[in-house]
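Inspection log for the structure reproduced underneath, given as structure tokens.
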Amino acid sequence: MEALFLTMLNKSITAGWLVLAVVLFRLIFKNAPKWIRSILWALVAVRLVFPFSVESVLSLIPSADTVPQTILTADAPEIYSGVAYFNSTVNPVLSDALAPDVTAAVTPAQKLTFVAAVLWLVGVAAWLIYAGISFLKLKRKVREAVLLQENIWLCDHIPTPFILGLFRPKIYLPSAMREEDMEYVLAHEQAHLKRLDHLFKPLGFFLLCVYWFNPVLWPGYVLFCRDMELACDEKVLRQRGTEIKKAYSESLVRLSAPRKTIAACPLAFGEAGVKERVKSILNYKKPAFWIILVAFLAVLVTAVCFLTDPVRDKESAAPRSVASAYGYYYFSGKDSAYLSLMPDSERCSFSFSLLSSYFPVGTYTETDDSIVMTTDDGKDTYTFKKDGKNLIFDADRSSPMPSYSYSSAADAELCVPDGAVFQFAEQDPFYMDKTSYDIDGDGVAETCILSFGPTSGLFTFQFTANENGLKEYENVFKTDACDLSFVIERDKLKVKATAMDDETKTIVYDIAVKDGNIVLANNGRLLESIKQ
């Protein structure tokens with residue numbers, strides 16, 4: 001349910017950008033035919049209904065997944081709005097507030113999203129019930145209506161004409177309505193029927209019920225209803241001629257009725273934006289062909305730019321969720337064993353009896369059902385089958401021992417047995433420090449992480465910097481055994497390294513980005529790295 005809610009949330013956000021584009025179109029093309037606006041509102045419905053969208057370099061949607069599914073289980077929950085300043089402002093707060101507790105089975109993000117999902121479903125049910133009750137009340141009000149002709153009925157208890165019904169729509173007229181008004185009213189309501197507005201308006205309200213939590217969609221629905229009425233008014237004027245403008249406007253004013261609530265039905269003659277409609281009727285002129293052409297081209301541009309998603313960077317896609325192989329795993333048997341798949345890279349290490357046995361290092365490839373690790377020398381392969389969040393060691397297709405080891409032959413008994421389950425570590429047990437800082441000076445703070453390198457921190461450590469959830473910089477440095485942490489000196493982020501055997505031996509390294517890599521230096525002397 002949480003995943004479904006996040007999907008709907010992201011769809012509503014992308015549709016919200018399209019609604020803003022429609023509002024801008026209404027301001028720029030005031031003299032364009034009103035039926036063109038109906039096409040734009042149809043695009044909003046398509047954006048809300050269709051479960052997929054194609055990618056395009058022309059897309060103006062900042063982000064297709066503002067709130068990614070990974071936020072539910074990520075160690076540092078973040079959003080990707082596509083607006084760098086907004087991300088850098090909000091994400092540090094989110095990461096602190098929703099940081100998972102390793103002792104808890106459910107993360108704060110999961111709890112919050114579950115509550116939001118429940119509230120969403122309650123809201124959907126409430127609005128649908130409201131729509132049903134409103135419809136039944138209206139049916140009750142017209143149950144004594146008298147047939148005038150075909151699908152036209154007269155009723156004593158209604159203040160303004162309207163259409164009611166989906167599959168067999170009926171036109172209801174007030175019994176006391178003037179005869180001179182009937183011609184214009186019927187022309188207007190029949191224009192609604194020809195345009196199928198009696199179906200489109202309930203559909204629009206249904207989508208509003210589903211996405212009720214998005215505040216942008218509420219004024220969008222109001223404008224959609226007004227544009228529907230304006231389009232019908234224009235249709236009547238095109239068919240009957242502009243000489244009826246004054247009489248038509250007077251009928252509209254006489255039959256106007258206040259609308260105090262947003263409703264799915266009916267299609268009422270005098271309830272939506274009467275003042276705007278009268279002004280539009282009196283000022284109506286047949287639009288020039290070039291205005292229609294330019295407006296239609298603007299609709300096509302809007303469709304291309306807002307019905308498509310931005311192209312994803314294939315090499316720096318959003319971080320994998322904890323359900324995939326990315327991360328750290330552990331097996332507790334006679335002795336501890338660890339499998340480390342390094343953050344935002346294809347590197348990995350496999351450690352038996354941590355700090356006392358061997359540390360084969362290599363690369364891994366991931367499929368839907370397994371992880372295959374190959375050591376750097378290419379001599380050994382280890383296979384792990386996926387089982388949900390966990391990995392199962394498959395000794396039948398893997399070398400039981402690497403070709404090299406830091407341990408004695410007697411330590412061969414420490415090998416992980418066939419079928420051993422490596423449990424996913426909900427929180428990275430190997431990183432030493434983590435902070436947020438703009439290390440490259442581009443105005444956007446990176447998430448900086450000091451984690452253990454291939455030798456579990458004894459001889460190497462890894463510096464990773466992620467921006468907006470994507471890997472920006474990474475490097476692995478050689479070092480003596482030491483404790484590492486981030487410090488701020490003179491308003492600059494630095495790395496502090498303290499020797500494990502002597503706390504008085506401390507070196508502070510400056511951080512810089514050079515040629516796309518992170519570099520660390522002390523008094524101008526670069527710390528040696530594996531990558532450089």
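Chain lettering (A, B, ...) mirrors the order of the structure tokens, residue numbering begins at 1 for each chain separately, and ligand numbering begins at 1 in order of display.
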Polymer residues at most 10 Å from Asp440 (chain A), only C-alpha atoms, same-chain spacing of 4 or more positions, as an MDAnalysis selection string:
chainID A and resid 444:446 465 472:473 511:514 516 518
Would you please extract all alpha helix (DSSP H) residues from region 210-263 of chain A, as assigned by DSSP on the backbone, and give them as a VMD selection string?
chain A and resid 210 217 to 240 245 to 254
When you look at region 80-97 of chain A with a cut-off of 12 Å (counting only C-alpha atoms), what residues show up, excluding the ones that are within fewer than 6 positions of it in the same chain? I need them as a ChimeraX atom specification.
/A:10,13-14,17,60-74,107-109,112,309-312,317-319,434-438,442-448,466-470
Between A:Val294, A:Ala42, A:Ala125, A:Ala288, which residue has the minimum interatomic distance to Gly204 (chain A), considering only C-alpha atoms?
A:Ala42
Quick one: residues within 10 Å of Ile292 (chain A), only C-alpha atoms counted, chain neighbours fewer than 2 positions away excluded, as a list in words?
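My list of contacting residues is Phe29, Asn31, Ala32, Pro33, Ile36, Pro287, Ala288, Phe289, Trp290, Val294, Ala295, Phe296, Leu297 and Ala298 of chain A.
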Just want the 10 Å neighbourhood of Ile281 (chain A), counted on only C-alpha atoms, with same-chain residues fewer than 6 positions away dropped. Output as a PyMOL selection string.
chain A and resi 230+233-234+236-237+242+244-246+248-249
Pull the strand (DSSP E or B) assignments for region 19-226 of chain A out of DSSP run on the backbone, and list those residues as a PDB file with N, CA and C atoms, in the first residue's frame.
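Saved result, selection.pdb, follows:
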ATOM      1  N   GLU A  55      10.368   8.647 -22.039  1.00  0.00           N
ATOM      2  CA  GLU A  55      11.380   9.640 -21.710  1.00  0.00           C
ATOM      3  C   GLU A  55      11.692  10.507 -22.919  1.00  0.00           C
ATOM      4  N   SER A  56      12.032  11.765 -22.659  1.00  0.00           N
ATOM      5  CA  SER A  56      12.343  12.683 -23.749  1.00  0.00           C
ATOM      6  C   SER A  56      13.307  13.748 -23.258  1.00  0.00           C
ATOM      7  N   VAL A 146     -41.481  16.440 -14.789  1.00  0.00           N
ATOM      8  CA  VAL A 146     -42.457  16.081 -15.812  1.00  0.00           C
ATOM      9  C   VAL A 146     -41.792  16.131 -17.184  1.00  0.00           C
ATOM     10  N   LEU A 147     -42.012  15.110 -17.984  1.00  0.00           N
ATOM     11  CA  LEU A 147     -41.417  15.047 -19.308  1.00  0.00           C
ATOM     12  C   LEU A 147     -42.017  16.121 -20.210  1.00  0.00           C
ATOM     13  N   LEU A 148     -41.141  16.904 -20.858  1.00  0.00           N
ATOM     14  CA  LEU A 148     -41.583  17.914 -21.808  1.00  0.00           C
ATOM     15  C   LEU A 148     -41.507  17.363 -23.223  1.00  0.00           C
ATOM     16  N   GLN A 149     -40.367  16.839 -23.594  1.00  0.00           N
ATOM     17  CA  GLN A 149     -40.178  16.201 -24.893  1.00  0.00           C
ATOM     18  C   GLN A 149     -38.854  15.452 -24.895  1.00  0.00           C
ATOM     19  N   ILE A 152     -35.991  15.975 -22.317  1.00  0.00           N
ATOM     20  CA  ILE A 152     -36.100  17.266 -21.638  1.00  0.00           C
ATOM     21  C   ILE A 152     -37.230  17.194 -20.615  1.00  0.00           C
ATOM     22  N   TRP A 153     -36.888  17.568 -19.350  1.00  0.00           N
ATOM     23  CA  TRP A 153     -37.845  17.460 -18.246  1.00  0.00           C
ATOM     24  C   TRP A 153     -37.981  18.805 -17.543  1.00  0.00           C
ATOM     25  N   LEU A 154     -39.210  19.045 -17.008  1.00  0.00           N
ATOM     26  CA  LEU A 154     -39.490  20.238 -16.222  1.00  0.00           C
ATOM     27  C   LEU A 154     -39.587  19.868 -14.752  1.00  0.00           C
ATOM     28  N   CYS A 155     -38.976  20.709 -13.898  1.00  0.00           N
ATOM     29  CA  CYS A 155     -38.962  20.421 -12.456  1.00  0.00           C
ATOM     30  C   CYS A 155     -39.236  21.704 -11.674  1.00  0.00           C
ATOM     31  N   PHE A 162     -29.905  22.020 -15.859  1.00  0.00           N
ATOM     32  CA  PHE A 162     -28.704  21.184 -15.791  1.00  0.00           C
ATOM     33  C   PHE A 162     -28.955  19.850 -16.467  1.00  0.00           C
ATOM     34  N   ILE A 163     -27.828  19.134 -16.699  1.00  0.00           N
ATOM     35  CA  ILE A 163     -27.863  17.776 -17.253  1.00  0.00           C
ATOM     36  C   ILE A 163     -27.509  16.800 -16.145  1.00  0.00           C
ATOM     37  N   LEU A 164     -28.243  15.705 -16.074  1.00  0.00           N
ATOM     38  CA  LEU A 164     -27.963  14.695 -15.056  1.00  0.00           C
ATOM     39  C   LEU A 164     -28.038  13.315 -15.695  1.00  0.00           C
ATOM     40  N   LYS A 170     -30.263  13.363 -19.029  1.00  0.00           N
ATOM     41  CA  LYS A 170     -31.506  14.115 -19.186  1.00  0.00           C
ATOM     42  C   LYS A 170     -31.254  15.586 -18.902  1.00  0.00           C
ATOM     43  N   ILE A 171     -31.976  16.439 -19.634  1.00  0.00           N
ATOM     44  CA  ILE A 171     -31.896  17.882 -19.421  1.00  0.00           C
ATOM     45  C   ILE A 171     -33.076  18.295 -18.540  1.00  0.00           C
ATOM     46  N   TYR A 172     -32.766  18.893 -17.399  1.00  0.00           N
ATOM     47  CA  TYR A 172     -33.817  19.358 -16.480  1.00  0.00           C
ATOM     48  C   TYR A 172     -33.889  20.878 -16.534  1.00  0.00           C
ATOM     49  N   LEU A 173     -35.116  21.392 -16.701  1.00  0.00           N
ATOM     50  CA  LEU A 173     -35.351  22.830 -16.777  1.00  0.00           C
ATOM     51  C   LEU A 173     -36.254  23.263 -15.632  1.00  0.00           C
ATOM     52  N   PRO A 174     -36.022  24.449 -15.060  1.00  0.00           N
ATOM     53  CA  PRO A 174     -36.944  24.965 -14.031  1.00  0.00           C
ATOM     54  C   PRO A 174     -38.331  25.204 -14.650  1.00  0.00           C
TER      55      PRO A 174
END
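Among A:Phe486, A:Phe424, A:Phe5, A:Trp35, the residue with the shortest atom-to-atom distance to Asp227 (chain A), counting only C-alpha atoms, is A:Trp35.
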